[in-house]
Amino acid sequence: MSRNLRRRGVVFILALGLVAAVAAGLVAAGSPGRPATAQAASAGQAVTVQRAHAGSATPTLKRRIVLLTIGSDSGAPRFGRGGSMESGRADALQLVVLDTVRRRGTVVSFPRDSYVPIPGHGTSKINAAMAFGGPPLLVQTFERLTGLTIDYYALTSFDGLTDIVNKVGGVQVNVDMNLRDHFAGAFLDKGRQTLRGSQALAYARARKTLPGGDFDRSRHQGQLLLGGLGTFQRQVAKDPTRVMAWLAVLRDEVKTDLPFPELLRLALLATKVPPGRFQNIAVPSVAGSAGGASVVRLLPGAYSLFARLRAGKLS
Amino acid sequence: MIVAARGNSRLPLRWSAVLAAAVLLAAGCTSGGRSEGGQATTPTTGAAQAQPLRIRLVATAKVPPGGLSAERAARRAAPGLERFLDRYLSAAFVDAAGGEAGWDGLLGLFDKPVRASARKQLDALSLGGAAPTVTAVRPGQATAKAVVLYGDQKPEAATVRVSFDGTADTAQGSGPVHLRSVLQLLATGDSWRIAAFDSRTGPPR
C-alpha cells in the first residue's frame with residue numbers, strides 16, 4: 001500500500017468514527033425509551049423539589065422580666081438641667097412587668113412624690129432615691145416596696161426622650177384629653193396623633209392643669225411608653241431593619257444595665273407583643289402631706305396590686 | 001481528539017484504527033449514559049455546571065457618635081457576615097443534600113432562645129424534609145443586604161435580608177430551590193447567631 005493510500009485510509013476511518021459518534025448522540029437524544037421525568041429535566045422543565053414553606057420566630061424567654069424605666073430631671077443641657085442623669089431626681093417612674101411566655105404585660109406608673117421608705121434614708125419621696133444613691137438605690141427602693149425583683153433599669157433625660165422620639169420619626173399616642181398646659185408647653189387636642197419629641201416630653205410632663213394632677217401625668221407617661229411600643233412594631237412590620245435603627249437610638253440616648261444580647265432579644269420579642277396586651281395602671285394612691293410638703297401616699301390597693309404582680313396574676 | 005490525530009499523521013494504520021475505535025467507544029459511552037435516563041444524567045450535568053457558593057453582600061452600618069465612620073464600620077463587618085451567611089446557606093442547602101449531615105450544624109447557628117423554634121420550622125429555613133431526596137444542590141444567585149449596628153469598635157447586631165436561588169438534583173430530575181429570609185443577628189465575638197427570623201422556601205411565587 002502506498003504512503004498516500006495509507007493516509008487516505010486513516011482519514012476515512014477517523015471520519016467514519018466522527019459520523020458514528022454524532023449519529024449515536026442523535027439516537028440517544030431521541031430515544032423513546034427514556035423515563036418521562038428525565039426527558040422533562042433535559043428539556044429544561046423543572047420538577048418540584050420542595051413545596052412552599054414559611055416560618056418566623058422571635059426569642060422564647062421563659063421567665064418574667066421586670067424593667068424599671070426612669071426619667072431623670074438632670075443631665076439635659078438643652079433644658080438647662082445640668083449634672084448627670086444618675087444623680088438627678090427620678091421624675092418619671094414606670095415598672096414594666098413582662099410575661100414573656102404569655103406575651104402580655106403591665107405598666108405600673110408611680111407618682112414621683114410617692115412617699116415611701118428608702119433604704120438607709122428613712123421615708124421620703126420616691127424620686128429622691130436616685131439622687132441619694134443613683135439607679136441602684138432606686139432599684140433597691142422599688143424592690144423593697146413591691147417585693148418584685150427588678151431585672152434591669154433604663155434611664156433617660158428630658159433631652160434623651162426628646163431625641164428618642166425625634167430620631168424614630170415620632171411616636172403615635174392616643175391623647176386622652178385636650179391639653180392647654182403653659183407650664184409644660186403641652187398644647188394637644190384629644191385623639192390619636194403622632195407626637196414630635198417636644199410634644200411627647202410636654203405630654204409626659206404636663207401636670208398642673210390636669211384634673212387628676214400627678215395621677216393623670218403618670219398615666220400619660222405609661223401611654224407614651226406603650227405608644228412607643230406600637231410605633232416600633234408598625235415600623236418593624238414594614239421594614240425589619242428598623243430594629244437596628246431603634247437599638248442605635250436607645251444605645252445613644254438611654255443608660256441601662258441591660259446587657260446588649262438581652263436588649264436585642266427583648267426588642268425582638270417586643271415586635272410580637274401588641275400594646276393591647278399591656279395594662280397601663282397608675283399605682284393606687286392619694287394626695288397628702290408630710291412635714292409640710294405635698295406627697296402622695298400609696299393606698300392599700302397598691303400593696304394588693306404588688307401582690308398580684310408577684311403572683312403573676314396581672315401580666 | 002480529531003485535531004490531535006491529524007497532527008499525528010505518521011501513526012501507522014493499525015494505530016489509526018485503534019484510535020478511531022476509541023473515538024467510537026467514547027462517543028457510544030457518552031450517548032449511552034444519556035440514554036439511561038434522569039437518574040444518572042442529572043447529577044452529571046449538575047457536576048458539570050456546579051459553581052461555588054458566592055454571596056453578594058451589601059452592608060451599611062449604624063455607628064455611635066464619635067466612633068468609626070459608617071462606611072468603615074460596614075467594610076469591617078462585611079467579611080464576617082459573608083462567612084456566616086456562607087456557613088448558613090451551605091448547611092441549609094448545599095451540604096444538606098442527601099440529609100446525611102443532619103441539622104445540628106445549621107441549628108448551631110441560632111441563638112439558644114430561638115433554636116427550638118428553628119428546629120420546628122426547618123422546612124422554612126432550609127431544604128428541610130426534602131433533603132433526603134436531593135442528591136446535589138448547585139448554588140445559583142445568593143445576595144444579602146445587611147444593616148449592621150456597630151458598637152465600640154465591633155459589630156453588635158445586624159438585620160440581613162438573604163436571597164438564595166439554586167438548583168437541586170433528585171432521582172426524578174432537577175428543580176429550583178429558593179430561600180427568602182430576614183435574619184436578625186446577634187454578634188458573638190468572632191461570629192454571629194440568628195436571634196430571630198422570618199423565612200420562606202419553596203418554588204418562586
# chains A, B, ... in the order shown; residues from 1 in each chain; ligands from 1
>>> residues_around(residues="A:Asp214", least_positions_apart="4", cutoff="7 Å", atoms="only C-alpha atoms", output="JSON, numbers by chain")
{"A": [111, 207, 218]}
>>> write_last_selection(atoms="C-alpha atoms", output="mmCIF file, in the first residue's frame")
data_model
loop_
_atom_site.group_PDB
_atom_site.id
_atom_site.type_symbol
_atom_site.label_atom_id
_atom_site.label_comp_id
_atom_site.auth_asym_id
_atom_site.auth_seq_id
_atom_site.Cartn_x
_atom_site.Cartn_y
_atom_site.Cartn_z
ATOM 1 C CA PRO A 111 -46.176 59.374 91.013
ATOM 2 C CA ARG A 207 -49.469 68.116 85.477
ATOM 3 C CA SER A 218 -48.354 59.107 85.422
#
>>> select_by_dssp(residues="stretch 107-238 of chain A", states="strand (DSSP E)", output="PyMOL selection string")
chain A and resi 107-110+115-117+123-125+152-156+171-175+179-181+186-188+191-195
>>> select_by_dssp(residues="stretch 111-236 of chain A", states="helix (DSSP H, G or I)", output="PyMOL selection string")
chain A and resi 128-146+158-167+197-205+214-236
>>> atom_distance(atom1="atom CA of B:Arg180", atom2="atom CA of A:Thr241")
15.1 Å
>>> closest_residue(among="A:Ile70, A:Ala154, A:Ile164, A:Leu188", to="A:Gln221", atoms="only C-alpha atoms")
A:Ile70
>>> residues_around(residues="A:Arg103", least_positions_apart="4", cutoff="8 Å", atoms="only C-alpha atoms", output="JSON, numbers by chain")
{"A": [98, 99, 272, 273, 277]}
>>> write_last_selection(atoms="C-alpha atoms", output="tab-separated table (two decimals), in the first residue's frame")
chain	number	residue	atom	x	y	z
A	98	LEU	CA	-43.47	41.42	81.01
A	99	ASP	CA	-44.72	37.85	80.98
A	272	LYS	CA	-44.72	40.31	68.86
A	273	VAL	CA	-46.38	41.72	71.99
A	277	ARG	CA	-51.79	43.08	75.65
>>> closest_residue(among="A:Leu224, A:Leu268, A:Leu229, A:Val165", to="chain B", atoms="only C-alpha atoms")
A:Leu268
